[in-house]
file final29.cif (mmCIF, C-alpha atoms)
data_my_file
#
loop_
_atom_site.label_atom_id
_atom_site.label_comp_id
_atom_site.auth_asym_id
_atom_site.auth_seq_id
_atom_site.Cartn_x
_atom_site.Cartn_y
_atom_site.Cartn_z
CA MET A 1368 -27.37 11.25 6.42
CA ASP A 1369 -26.97 14.96 7.08
CA PHE A 1370 -26.13 16.71 3.81
CA SER A 1371 -25.97 20.08 5.54
CA ILE A 1372 -22.49 19.09 6.77
CA LEU A 1373 -21.35 18.85 3.17
CA THR A 1374 -22.90 22.18 2.18
CA ASP A 1375 -21.96 24.07 5.38
CA TYR A 1376 -18.34 22.93 5.33
CA PHE A 1377 -17.84 22.62 1.59
CA GLY A 1378 -15.01 25.17 1.65
CA LEU A 1379 -13.03 23.16 4.22
CA TYR A 1380 -13.66 19.92 2.34
CA LEU A 1381 -12.41 21.52 -0.87
CA GLU A 1382 -9.32 22.91 0.82
CA GLY A 1383 -8.45 19.42 2.09
CA PHE A 1384 -9.34 17.85 -1.25
CA TRP A 1385 -6.95 20.25 -2.94
CA GLY A 1386 -4.20 19.44 -0.43
CA THR A 1387 -4.65 15.72 -1.12
CA ILE A 1388 -4.52 16.25 -4.91
CA LEU A 1389 -1.53 18.60 -4.75
CA SER A 1390 0.46 16.32 -2.47
CA SER A 1391 -0.35 13.23 -4.58
CA VAL A 1392 0.59 14.88 -7.88
CA LEU A 1393 3.82 16.37 -6.53
CA ALA A 1394 4.75 13.03 -4.95
CA LEU A 1395 3.95 11.24 -8.22
CA ILE A 1396 6.30 13.50 -10.17
CA GLY A 1397 9.02 13.22 -7.51
CA SER A 1398 8.71 9.46 -7.17
CA PHE A 1399 8.72 8.96 -10.94
CA LEU A 1400 11.96 10.93 -11.35
CA LEU A 1401 13.62 9.28 -8.34
CA GLY A 1402 12.26 5.85 -9.30
CA SER A 1403 13.63 6.16 -12.85
CA VAL A 1404 17.11 6.93 -11.53
CA ILE A 1405 16.97 4.00 -9.09
CA ALA A 1406 15.69 1.69 -11.87
CA VAL A 1407 18.69 2.66 -14.02
CA PHE A 1408 20.99 1.95 -11.04
CA ARG A 1409 19.35 -1.46 -10.67
CA ILE A 1410 20.01 -2.54 -14.28
CA THR A 1411 23.39 -0.92 -14.90
CA THR A 1412 26.55 -3.02 -14.94
CA VAL A 1413 28.34 -0.64 -12.54
CA LYS A 1414 28.57 -2.67 -9.33
CA GLY A 1415 28.49 0.16 -6.79
CA LEU A 1416 25.37 1.71 -8.32
CA ARG A 1417 23.63 -1.66 -8.55
CA TRP A 1418 24.39 -2.33 -4.92
CA PHE A 1419 23.04 1.07 -3.92
CA GLY A 1420 19.90 0.65 -6.04
CA THR A 1421 19.12 -2.76 -4.58
CA GLY A 1422 19.79 -1.57 -1.03
CA TYR A 1423 17.55 1.46 -1.50
CA VAL A 1424 14.63 -0.54 -2.89
CA GLU A 1425 14.88 -3.29 -0.28
CA PHE A 1426 15.17 -0.87 2.63
CA VAL A 1427 12.38 1.50 1.61
CA ARG A 1428 9.93 -1.24 0.63
CA ASN A 1429 10.31 -3.01 3.95
CA ILE A 1430 9.60 -0.10 6.28
CA PRO A 1431 6.20 1.57 6.84
CA LEU A 1432 5.29 4.70 4.88
CA LEU A 1433 4.53 6.46 8.16
CA LEU A 1434 8.10 5.82 9.30
CA VAL A 1435 9.45 7.39 6.09
CA VAL A 1436 7.22 10.40 6.71
CA TYR A 1437 8.41 10.57 10.35
CA ILE A 1438 12.03 10.49 9.16
CA PHE A 1439 11.42 13.60 7.04
CA TYR A 1440 9.26 15.29 9.69
CA TYR A 1441 11.10 14.63 12.96
CA GLY A 1442 14.58 14.06 11.46
CA PRO A 1443 15.13 17.55 10.01
CA SER A 1444 13.62 19.24 13.06
CA ALA A 1445 16.05 17.31 15.31
CA LEU A 1446 18.88 18.51 13.05
CA GLY A 1447 17.70 22.12 13.21
CA PHE A 1448 15.92 22.75 9.90
CA PRO A 1449 12.25 21.80 10.47
CA LEU A 1450 9.96 21.00 7.52
CA ASP A 1451 6.21 21.56 7.77
CA GLY A 1452 3.81 18.61 7.64
CA PHE A 1453 2.86 19.09 4.00
CA LYS A 1454 6.46 19.22 2.78
CA ALA A 1455 7.72 16.40 4.99
CA GLY A 1456 4.69 14.28 4.12
CA THR A 1457 4.98 14.84 0.38
CA ILE A 1458 8.73 14.16 0.37
CA GLY A 1459 8.12 11.01 2.45
CA LEU A 1460 5.41 9.86 0.02
CA ALA A 1461 7.70 10.47 -2.96
CA VAL A 1462 10.63 8.58 -1.42
CA TYR A 1463 8.45 5.65 -0.32
CA THR A 1464 6.67 5.35 -3.69
CA SER A 1465 9.90 5.72 -5.68
CA ALA A 1466 11.04 2.25 -4.54
CA PHE A 1467 7.87 0.67 -5.95
CA ILE A 1468 8.04 2.71 -9.17
CA ALA A 1469 11.70 1.76 -9.63
CA GLU A 1470 10.72 -1.90 -9.51
CA ALA A 1471 7.85 -1.35 -11.95
CA ILE A 1472 10.13 0.42 -14.43
CA ARG A 1473 12.81 -2.23 -14.07
CA ALA A 1474 10.25 -5.00 -14.68
CA GLY A 1475 8.97 -3.12 -17.76
CA ILE A 1476 12.48 -2.82 -19.22
CA MET A 1477 13.24 -6.48 -18.48
CA ALA A 1478 10.01 -7.52 -20.22
CA VAL A 1479 11.22 -6.17 -23.58
CA PRO A 1480 12.70 -9.19 -25.41
CA LYS A 1481 16.52 -9.41 -25.37
CA GLY A 1482 16.62 -9.75 -29.18
CA GLN A 1483 15.50 -6.12 -29.44
CA MET A 1484 18.61 -4.93 -27.65
CA GLU A 1485 20.88 -7.22 -29.67
CA ALA A 1486 19.29 -6.22 -33.00
CA ALA A 1487 19.55 -2.51 -32.25
CA ARG A 1488 23.11 -2.77 -30.99
CA SER A 1489 24.25 -4.76 -34.04
CA SER A 1490 22.58 -2.19 -36.33
CA GLY A 1491 25.11 0.25 -34.91
CA LEU A 1492 23.05 2.09 -32.27
CA SER A 1493 24.86 2.97 -29.04
CA TYR A 1494 23.58 1.65 -25.68
CA ILE A 1495 21.96 5.00 -24.85
CA GLN A 1496 20.37 5.28 -28.34
CA THR A 1497 19.02 1.74 -28.03
CA MET A 1498 17.50 2.57 -24.64
CA MET A 1499 15.96 5.86 -25.84
CA HIS A 1500 14.63 4.73 -29.21
CA VAL A 1501 14.00 1.00 -28.87
CA ILE A 1502 13.68 -0.29 -25.31
CA LEU A 1503 12.03 2.57 -23.38
CA PRO A 1504 9.21 3.28 -25.90
CA GLN A 1505 8.19 -0.38 -25.65
CA ALA A 1506 8.69 -0.59 -21.90
CA ILE A 1507 6.60 2.52 -21.15
CA LYS A 1508 3.41 0.82 -22.39
CA LEU A 1509 3.93 -2.00 -19.91
CA VAL A 1510 4.81 0.40 -17.12
CA ILE A 1511 1.66 2.51 -17.39
CA PRO A 1512 -0.70 0.12 -15.49
CA PRO A 1513 1.63 -0.33 -12.48
CA LEU A 1514 2.30 3.42 -12.51
CA GLY A 1515 -1.45 4.03 -12.48
CA ASN A 1516 -1.79 1.68 -9.53
CA GLN A 1517 0.98 3.51 -7.71
CA PHE A 1518 -0.81 6.80 -8.31
CA ILE A 1519 -3.98 5.35 -6.78
CA ASN A 1520 -1.90 4.17 -3.81
CA LEU A 1521 -0.36 7.64 -3.57
CA ILE A 1522 -3.78 9.28 -3.33
CA LYS A 1523 -4.84 6.85 -0.61
CA ASN A 1524 -1.48 7.04 1.16
CA SER A 1525 -1.49 10.84 1.15
CA SER A 1526 -3.94 10.48 4.05
CA VAL A 1527 -0.94 9.89 6.35
CA LEU A 1528 -0.22 13.59 5.99
CA THR A 1529 -2.92 14.13 8.57
CA ILE A 1530 -0.72 12.49 11.23
CA VAL A 1531 1.90 15.24 10.74
CA ALA A 1532 -0.76 17.98 10.27
CA GLY A 1533 -0.21 18.01 6.51
CA MET A 1534 -3.36 19.95 5.47
CA ASP A 1535 -4.92 17.07 3.50
CA LEU A 1536 -8.53 15.85 3.31
CA MET A 1537 -8.34 13.77 6.50
CA TYR A 1538 -6.79 16.70 8.36
CA PHE A 1539 -9.58 19.11 7.46
CA ALA A 1540 -12.18 16.40 8.12
CA ASP A 1541 -10.89 16.27 11.68
CA SER A 1542 -11.61 19.95 12.21
CA ILE A 1543 -15.05 19.55 10.61
CA SER A 1544 -15.99 16.65 12.87
CA THR A 1545 -14.83 18.46 16.02
CA GLU A 1546 -17.22 21.28 15.10
CA THR A 1547 -20.18 19.14 14.04
CA TYR A 1548 -19.79 16.27 16.55
CA ARG A 1549 -20.97 14.09 13.66
CA THR A 1550 -18.02 11.83 12.94
CA PHE A 1551 -19.99 9.27 10.93
CA ASP A 1552 -21.54 11.70 8.42
CA THR A 1553 -18.41 13.85 8.16
CA TYR A 1554 -16.25 10.89 7.22
CA ILE A 1555 -18.77 9.35 4.80
CA PHE A 1556 -18.32 12.53 2.73
CA VAL A 1557 -14.54 12.20 3.09
CA ALA A 1558 -14.82 8.68 1.64
CA VAL A 1559 -16.83 10.05 -1.30
CA PHE A 1560 -14.12 12.64 -2.03
CA TYR A 1561 -11.46 9.91 -2.11
CA LEU A 1562 -13.61 7.68 -4.32
CA VAL A 1563 -14.14 10.52 -6.80
CA LEU A 1564 -10.38 10.38 -7.39
CA THR A 1565 -9.59 6.68 -7.05
CA LEU A 1566 -12.52 4.93 -8.77
CA PRO A 1567 -12.07 6.52 -12.23
CA LEU A 1568 -8.32 5.85 -12.02
CA SER A 1569 -8.89 2.20 -11.08
CA TYR A 1570 -11.26 1.87 -14.00
CA GLY A 1571 -8.75 3.48 -16.38
CA VAL A 1572 -5.96 1.17 -15.25
CA ARG A 1573 -8.18 -1.87 -15.81
CA VAL A 1574 -9.12 -0.74 -19.33
CA TRP A 1575 -5.45 -0.20 -20.22
CA GLU A 1576 -4.46 -3.61 -18.82
CA ARG A 1577 -7.15 -5.30 -20.91
CA ARG A 1578 -5.87 -3.51 -24.01
CA LEU A 1579 -2.35 -4.76 -23.36
CA GLN A 1580 -3.58 -8.33 -22.93
CA ARG A 1581 -5.45 -8.28 -26.21
CA LYS A 1582 -2.32 -7.26 -28.10
CA TYR A 1583 -0.22 -10.24 -27.07
CA MET B 1213 22.09 12.16 19.15
CA ASP B 1214 21.83 10.51 22.52
CA PHE B 1215 21.83 6.77 21.99
CA ALA B 1216 22.45 5.87 25.64
CA GLY B 1217 19.57 8.05 26.85
CA ALA B 1218 17.17 7.00 24.11
CA PHE B 1219 17.89 3.33 24.69
CA SER B 1220 17.57 3.33 28.48
CA ALA B 1221 16.14 0.10 29.91
CA ALA B 1222 12.73 1.72 30.46
CA ASN B 1223 12.56 3.11 26.91
CA LEU B 1224 13.71 -0.13 25.32
CA GLY B 1225 11.12 -2.08 27.31
CA PHE B 1226 8.42 0.38 26.25
CA LEU B 1227 9.44 0.12 22.58
CA MET B 1228 9.51 -3.67 22.77
CA ASP B 1229 5.98 -3.65 24.24
CA GLY B 1230 4.94 -1.69 21.16
CA PHE B 1231 6.78 -4.05 18.84
CA TYR B 1232 5.07 -7.00 20.51
CA LEU B 1233 1.61 -5.47 19.99
CA THR B 1234 2.50 -4.67 16.36
CA LEU B 1235 3.38 -8.33 15.78
CA ILE B 1236 0.24 -9.62 17.56
CA VAL B 1237 -2.11 -7.26 15.69
CA ALA B 1238 -0.41 -8.10 12.37
CA PHE B 1239 -0.54 -11.85 13.05
CA VAL B 1240 -4.24 -11.91 14.00
CA SER B 1241 -5.16 -9.63 11.07
CA ILE B 1242 -3.17 -11.78 8.62
CA ILE B 1243 -5.04 -14.94 9.69
CA LEU B 1244 -8.48 -13.28 9.65
CA SER B 1245 -7.99 -11.39 6.39
CA PHE B 1246 -6.60 -14.51 4.70
CA VAL B 1247 -9.64 -16.59 5.65
CA ILE B 1248 -12.15 -13.88 4.67
CA GLY B 1249 -10.16 -12.95 1.57
CA VAL B 1250 -10.14 -16.54 0.29
CA ILE B 1251 -13.89 -16.90 0.83
CA VAL B 1252 -14.68 -13.60 -0.89
CA GLY B 1253 -12.19 -14.31 -3.69
CA VAL B 1254 -13.76 -17.72 -4.38
CA ILE B 1255 -17.25 -16.18 -4.42
CA ARG B 1256 -16.03 -13.56 -6.89
CA TYR B 1257 -14.45 -16.29 -9.03
CA ALA B 1258 -17.47 -18.63 -8.91
CA GLU B 1259 -19.81 -15.95 -10.28
CA VAL B 1260 -22.67 -16.75 -7.90
CA PRO B 1261 -25.72 -14.65 -8.86
CA VAL B 1262 -26.39 -11.65 -6.56
CA LEU B 1263 -23.62 -12.62 -4.09
CA SER B 1264 -20.72 -12.15 -6.53
CA PRO B 1265 -21.80 -8.68 -7.75
CA VAL B 1266 -22.32 -7.58 -4.14
CA MET B 1267 -18.81 -8.78 -3.25
CA PHE B 1268 -17.40 -7.06 -6.33
CA PHE B 1269 -18.99 -3.79 -5.22
CA LEU B 1270 -17.73 -4.11 -1.62
CA VAL B 1271 -14.20 -5.12 -2.64
CA GLU B 1272 -13.91 -2.23 -5.13
CA LEU B 1273 -15.25 0.24 -2.57
CA ILE B 1274 -12.85 -0.82 0.19
CA ARG B 1275 -9.80 -1.12 -2.07
CA ASN B 1276 -10.27 2.44 -3.29
CA LEU B 1277 -10.39 4.01 0.16
CA PRO B 1278 -7.39 4.90 2.35
CA LEU B 1279 -6.78 2.39 5.14
CA LEU B 1280 -6.20 5.28 7.51
CA LEU B 1281 -9.76 6.44 6.85
CA ILE B 1282 -11.12 2.95 7.52
CA ILE B 1283 -9.22 2.65 10.82
CA PHE B 1284 -10.45 6.06 11.94
CA PHE B 1285 -13.98 5.28 10.81
CA VAL B 1286 -14.20 1.93 12.65
CA ARG B 1287 -12.83 3.48 15.85
CA PHE B 1288 -14.67 6.81 15.92
CA ALA B 1289 -17.61 6.78 13.48
CA LEU B 1290 -19.11 3.30 13.96
CA PRO B 1291 -19.79 3.85 17.68
CA GLU B 1292 -22.13 6.69 16.65
CA VAL B 1293 -24.36 4.12 14.95
CA GLY B 1294 -24.10 1.68 17.85
CA ILE B 1295 -21.18 -0.51 16.72
CA LYS B 1296 -18.74 -0.32 19.62
CA MET B 1297 -15.55 -2.27 20.21
CA GLY B 1298 -12.30 -2.01 22.13
CA LEU B 1299 -9.23 -0.23 20.79
CA THR B 1300 -7.23 -3.29 19.73
CA THR B 1301 -10.34 -5.00 18.33
CA ALA B 1302 -11.19 -1.92 16.29
CA ALA B 1303 -7.66 -1.78 14.84
CA ILE B 1304 -7.73 -5.48 13.97
CA ALA B 1305 -11.22 -5.18 12.46
CA ALA B 1306 -10.21 -2.23 10.26
CA LEU B 1307 -7.00 -3.90 9.09
CA THR B 1308 -8.88 -7.13 8.38
CA ILE B 1309 -11.60 -5.40 6.33
CA PHE B 1310 -9.06 -3.56 4.18
CA GLU B 1311 -6.56 -6.39 3.69
CA ALA B 1312 -9.29 -9.01 3.08
CA ALA B 1313 -10.45 -6.93 0.10
CA MET B 1314 -6.88 -6.84 -1.23
CA ILE B 1315 -6.44 -10.59 -0.67
CA ALA B 1316 -9.80 -11.36 -2.34
CA GLU B 1317 -8.46 -9.79 -5.55
CA ILE B 1318 -5.22 -11.77 -5.31
CA VAL B 1319 -7.19 -15.00 -4.81
CA ARG B 1320 -9.53 -14.29 -7.69
CA GLY B 1321 -6.55 -13.49 -9.94
CA GLY B 1322 -4.77 -16.71 -8.92
CA LEU B 1323 -7.85 -18.83 -9.59
CA THR B 1324 -8.47 -17.21 -12.97
CA ALA B 1325 -4.87 -18.03 -13.94
CA VAL B 1326 -5.52 -21.79 -13.63
CA ASP B 1327 -5.66 -23.40 -17.09
CA LYS B 1328 -9.25 -23.81 -18.34
CA GLY B 1329 -8.43 -27.30 -19.69
CA GLN B 1330 -7.91 -28.46 -16.11
CA ILE B 1331 -11.47 -27.51 -15.20
CA GLU B 1332 -12.94 -29.11 -18.33
CA ALA B 1333 -10.95 -32.32 -17.71
CA ALA B 1334 -12.06 -32.50 -14.07
CA ARG B 1335 -15.70 -31.82 -14.90
CA SER B 1336 -15.78 -34.40 -17.68
CA SER B 1337 -14.19 -36.96 -15.32
CA GLY B 1338 -17.36 -36.62 -13.26
CA LEU B 1339 -16.24 -34.21 -10.49
CA SER B 1340 -18.89 -31.77 -9.31
CA SER B 1341 -18.12 -28.07 -9.71
CA PHE B 1342 -17.41 -27.82 -5.98
CA GLN B 1343 -15.07 -30.82 -6.11
CA THR B 1344 -13.31 -29.30 -9.11
CA LEU B 1345 -12.84 -26.04 -7.22
CA TRP B 1346 -11.63 -27.75 -4.05
CA HIS B 1347 -9.34 -30.44 -5.49
CA ILE B 1348 -8.17 -28.97 -8.81
CA VAL B 1349 -8.48 -25.19 -9.04
CA LEU B 1350 -7.69 -24.07 -5.48
CA PRO B 1351 -4.46 -26.11 -5.01
CA GLN B 1352 -3.08 -24.93 -8.37
CA GLY B 1353 -4.30 -21.37 -7.92
CA LEU B 1354 -2.69 -21.09 -4.49
CA ARG B 1355 0.69 -21.59 -6.12
CA HIS B 1356 0.23 -18.44 -8.23
CA MET B 1357 -0.87 -16.55 -5.15
CA VAL B 1358 2.10 -17.13 -2.84
CA PRO B 1359 4.32 -14.21 -3.90
CA PRO B 1360 1.55 -11.55 -4.03
CA LEU B 1361 0.06 -12.89 -0.78
CA VAL B 1362 3.36 -12.57 1.07
CA SER B 1363 3.87 -9.02 -0.20
CA GLN B 1364 0.34 -8.26 0.99
CA PHE B 1365 1.22 -9.64 4.43
CA ILE B 1366 4.31 -7.41 4.46
CA SER B 1367 2.07 -4.45 3.59
CA LEU B 1368 -0.23 -5.42 6.42
CA LEU B 1369 2.60 -5.48 8.92
CA LYS B 1370 3.73 -2.04 7.75
CA ASP B 1371 0.13 -0.79 7.79
CA THR B 1372 -0.30 -1.61 11.49
CA SER B 1373 1.68 1.60 12.05
CA LEU B 1374 -1.35 3.58 10.84
CA ALA B 1375 -3.24 2.49 13.95
CA THR B 1376 -1.20 5.16 15.68
CA ILE B 1377 -3.97 7.56 14.58
CA VAL B 1378 -6.35 5.95 17.08
CA ALA B 1379 -3.54 5.79 19.69
CA LEU B 1380 -3.11 2.02 19.62
CA PRO B 1381 0.10 1.51 21.66
CA GLU B 1382 1.96 -0.26 18.84
CA LEU B 1383 5.60 0.34 17.85
CA MET B 1384 5.09 3.63 15.97
CA HIS B 1385 2.94 5.08 18.73
CA ASN B 1386 5.39 4.18 21.47
CA ALA B 1387 8.29 5.43 19.35
CA LYS B 1388 6.64 8.84 19.07
CA ILE B 1389 6.26 9.01 22.84
CA VAL B 1390 9.94 8.19 23.41
CA MET B 1391 10.96 10.74 20.75
CA GLY B 1392 8.86 13.31 22.57
CA GLN B 1393 11.00 13.01 25.73
CA LYS B 1394 14.01 14.77 24.21
CA GLU B 1395 14.93 16.01 20.74
CA SER B 1396 18.25 14.16 20.84
CA PHE B 1397 16.34 10.84 21.06
CA THR B 1398 14.69 11.35 17.64
CA ILE B 1399 17.31 9.87 15.35
CA PRO B 1400 18.30 6.89 17.54
CA VAL B 1401 14.63 5.90 17.94
CA LEU B 1402 13.86 6.29 14.21
CA LEU B 1403 16.89 4.13 13.43
CA LEU B 1404 15.89 1.42 15.89
CA ILE B 1405 12.30 1.09 14.69
CA ALA B 1406 13.45 1.13 11.05
CA VAL B 1407 15.71 -1.82 11.86
CA LEU B 1408 12.88 -3.67 13.65
CA TYR B 1409 10.34 -3.23 10.83
CA PHE B 1410 12.96 -4.00 8.21
CA ALA B 1411 14.13 -7.18 9.95
CA VAL B 1412 10.65 -8.75 10.17
CA ASN B 1413 9.61 -7.74 6.66
CA TYR B 1414 12.88 -8.74 5.05
CA LEU B 1415 12.64 -12.12 6.74
CA LEU B 1416 9.12 -12.53 5.30
CA SER B 1417 10.30 -11.61 1.79
CA VAL B 1418 13.17 -14.11 2.00
CA VAL B 1419 10.72 -16.84 3.06
CA SER B 1420 8.48 -15.83 0.14
CA ARG B 1421 11.35 -16.17 -2.34
CA ARG B 1422 12.16 -19.63 -0.96
CA LEU B 1423 8.53 -20.70 -1.32
CA GLU B 1424 8.47 -19.36 -4.86
CA HIS B 1425 11.45 -21.52 -5.79
CA LYS B 1426 9.87 -24.57 -4.19
CA THR B 1427 6.48 -24.22 -5.88
CA ALA B 1428 7.80 -23.14 -9.29
#
call {"tool": "encode", "arguments": {"input": "final29.cif", "output": "structure tokens"}}
result
Amino acid sequence: MDFSILTDYFGLYLEGFWGTILSSVLALIGSFLLGSVIAVFRITTVKGLRWFGTGYVEFVRNIPLLLVVYIFYYGPSALGFPLDGFKAGTIGLAVYTSAFIAEAIRAGIMAVPKGQMEAARSSGLSYIQTMMHVILPQAIKLVIPPLGNQFINLIKNSSVLTIVAGMDLMYFADSISTETYRTFDTYIFVAVFYLVLTLPLSYGVRVWERRLQRKY
Amino acid sequence: MDFAGAFSAANLGFLMDGFYLTLIVAFVSIILSFVIGVIVGVIRYAEVPVLSPVMFFLVELIRNLPLLLIIFFVRFALPEVGIKMGLTTAAIAALTIFEAAMIAEIVRGGLTAVDKGQIEAARSSGLSSFQTLWHIVLPQGLRHMVPPLVSQFISLLKDTSLATIVALPELMHNAKIVMGQKESFTIPVLLLIAVLYFAVNYLLSVVSRRLEHKTA
């Protein structure tokens, strides 16, 4: 193993590492907001919204992430307002992940016992008040582990940015390996950078899940 | 948008070639990763000394890395240390390694979910621990695994698109080539491949829901 690659190209590695983190965090925020809206659509009694929410989730979950990224990369440029790889990739990541987050949030809300809603409503709380003060605070605890898993997936999935030149870790690794001609060593360090992010998160999710299990 | 031009006989044939390879690669990888995943999952569940901790380490490592990195690594880094294989083989190998790790966790989870009383009853009826695993735990555990396994197979089919990074001529790769002919082909081609991916995956999820009803 040639550690001089890591020291000589540390700046490039860091730049890519930063791109990966930035894209993952932005996509997490975007997909959480979008996913929450879609989750509300999925559980509302308004038929049109429900239909849209279900269609959105089913469509997005059944096509590849790379296709979603291509839609935001090649689509706008065909229509005359091109997006760069980082923007298109991050938007694609957010849209793709939002479908999974919507389902996680919906499952969390459904897991709160029905009696809670009935009790709150008959105590005189409105539907919105019940959601805000009774259902969501309980649901959020259940939603944290799947959200954590989605964030881990986001970090791993952000590697597709490299296919649209999105300035992430894999993208910079490519320029490092074309200079060093040492693909094996270059990419072992790339793997370490990813693991630095994903392993602690995986561990955290597992600890939280165990805590939830003990409570019930 | 030039649907007639984008869907010329030559282009359609080329896209269908890609779709065919996508299906073949997905099918072979599903079979291989299922077999390996079950073996690894059972080893993890059985808590064999030395072997189980090693499997735990490998599964955790692989699950926390991006698949794109693994595909790239198998194709371009392994040859540097003397492990050489053809393009399609490399793609299948990478997909199998990654998905087998995911499936191993699903299998272990399904086996752990089998009621402990079942194992105690079988063991006290005189079955060996292997017989208990084979006749009692595995058949019941498999039932818990069907829905997550099918969604993993759907992920695998979507993930074949990542092999575009090593220029495997699958659907996504061929789509990009057709889109490159003319800007007005972009949206028709994106629409067509979205429909193709969606159709196969949606079919799989419908089958999964049927199976769930049957086994429940």
call {"tool": "closest_residue", "arguments": {"input": "final29.cif", "among": "A:Pro1480, A:Gly1491, A:Gly1515, A:Pro1504", "to": "Leu1568 in chain A", "atoms": "only C-alpha atoms"}}
result
A:Gly1515
call {"tool": "resolve_selection", "arguments": {"input": "final29.cif", "expression": "the PyMOL selection byres ((chain A) within 7 of (chain B))", "output": "list in words"}}
result
Phe1426, Asn1429, Ile1430, Pro1431, Leu1433, Ile1438, Tyr1441, Gly1442, Ala1445, Lys1523, Asn1524, Ser1526, Ile1530, Thr1550, Phe1551, Ala1558, Tyr1561, Leu1562, Thr1565 and Leu1566 of chain A
call {"tool": "atom_distance", "arguments": {"input": "final29.cif", "atom1": "CA of Lys1454 in chain A", "atom2": "CA of Val1427 in chain A"}}
result
18.7 Å
call {"tool": "resolve_selection", "arguments": {"input": "final29.cif", "expression": "the PyMOL selection byres ((chain B and resi 1346-1358) around 7)", "output": "number ranges by chain"}}
result
B: 1318-1319, 1322-1323, 1325-1326, 1342-1345, 1359-1362, 1427
call {"tool": "closest_residue", "arguments": {"input": "final29.cif", "among": "A:Gly1378, A:Gly1415, A:Gly1422, A:Gly1402", "to": "Ile1472 in chain A", "atoms": "all atoms listed in the file"}}
result
A:Gly1402
call {"tool": "atom_distance", "arguments": {"input": "final29.cif", "atom1": "CA of Glu1425 in chain A", "atom2": "CA of Leu1509 in chain A"}}
result
22.5 Å
call {"tool": "resolve_selection", "arguments": {"input": "final29.cif", "expression": "the PyMOL selection byres ((chain B and resi 1380) around 10)", "output": "list in words"}}
result
Gly1230, Leu1233, Thr1234, Leu1299, Thr1300, Ala1302, Ala1303, Thr1372, Ser1373, Leu1374, Ala1375, Thr1376, Ile1377, Val1378, Ala1379, Pro1381, Glu1382, Leu1383, Met1384, His1385 and Asn1386 of chain B
call {"tool": "write_last_selection", "arguments": {"input": "final29.cif", "atoms": "C-alpha atoms", "output": "CSV table (one decimal), in the frame of the given file"}}
result
chain,number,residue,atom,x,y,z
B,1230,GLY,CA,4.9,-1.7,21.2
B,1233,LEU,CA,1.6,-5.5,20.0
B,1234,THR,CA,2.5,-4.7,16.4
B,1299,LEU,CA,-9.2,-0.2,20.8
B,1300,THR,CA,-7.2,-3.3,19.7
B,1302,ALA,CA,-11.2,-1.9,16.3
B,1303,ALA,CA,-7.7,-1.8,14.8
B,1372,THR,CA,-0.3,-1.6,11.5
B,1373,SER,CA,1.7,1.6,12.0
B,1374,LEU,CA,-1.4,3.6,10.8
B,1375,ALA,CA,-3.2,2.5,14.0
B,1376,THR,CA,-1.2,5.2,15.7
B,1377,ILE,CA,-4.0,7.6,14.6
B,1378,VAL,CA,-6.4,6.0,17.1
B,1379,ALA,CA,-3.5,5.8,19.7
B,1381,PRO,CA,0.1,1.5,21.7
B,1382,GLU,CA,2.0,-0.3,18.8
B,1383,LEU,CA,5.6,0.3,17.8
B,1384,MET,CA,5.1,3.6,16.0
B,1385,HIS,CA,2.9,5.1,18.7
B,1386,ASN,CA,5.4,4.2,21.5
call {"tool": "residues_around", "arguments": {"input": "final29.cif", "residues": "range 1457-1464 of chain A", "least_positions_apart": "3", "cutoff": "10 Å", "atoms": "all atoms listed in the file", "output": "PyMOL selection string"}}
result
chain A and resi 1387+1389-1402+1423-1424+1426-1440+1450+1452-1454+1467-1469+1517-1518+1520-1522+1524-1525+1527-1528+1533
call {"tool": "atom_distance", "arguments": {"input": "final29.cif", "atom1": "CA of Val1557 in chain A", "atom2": "CA of Leu1536 in chain A"}}
result
7.0 Å
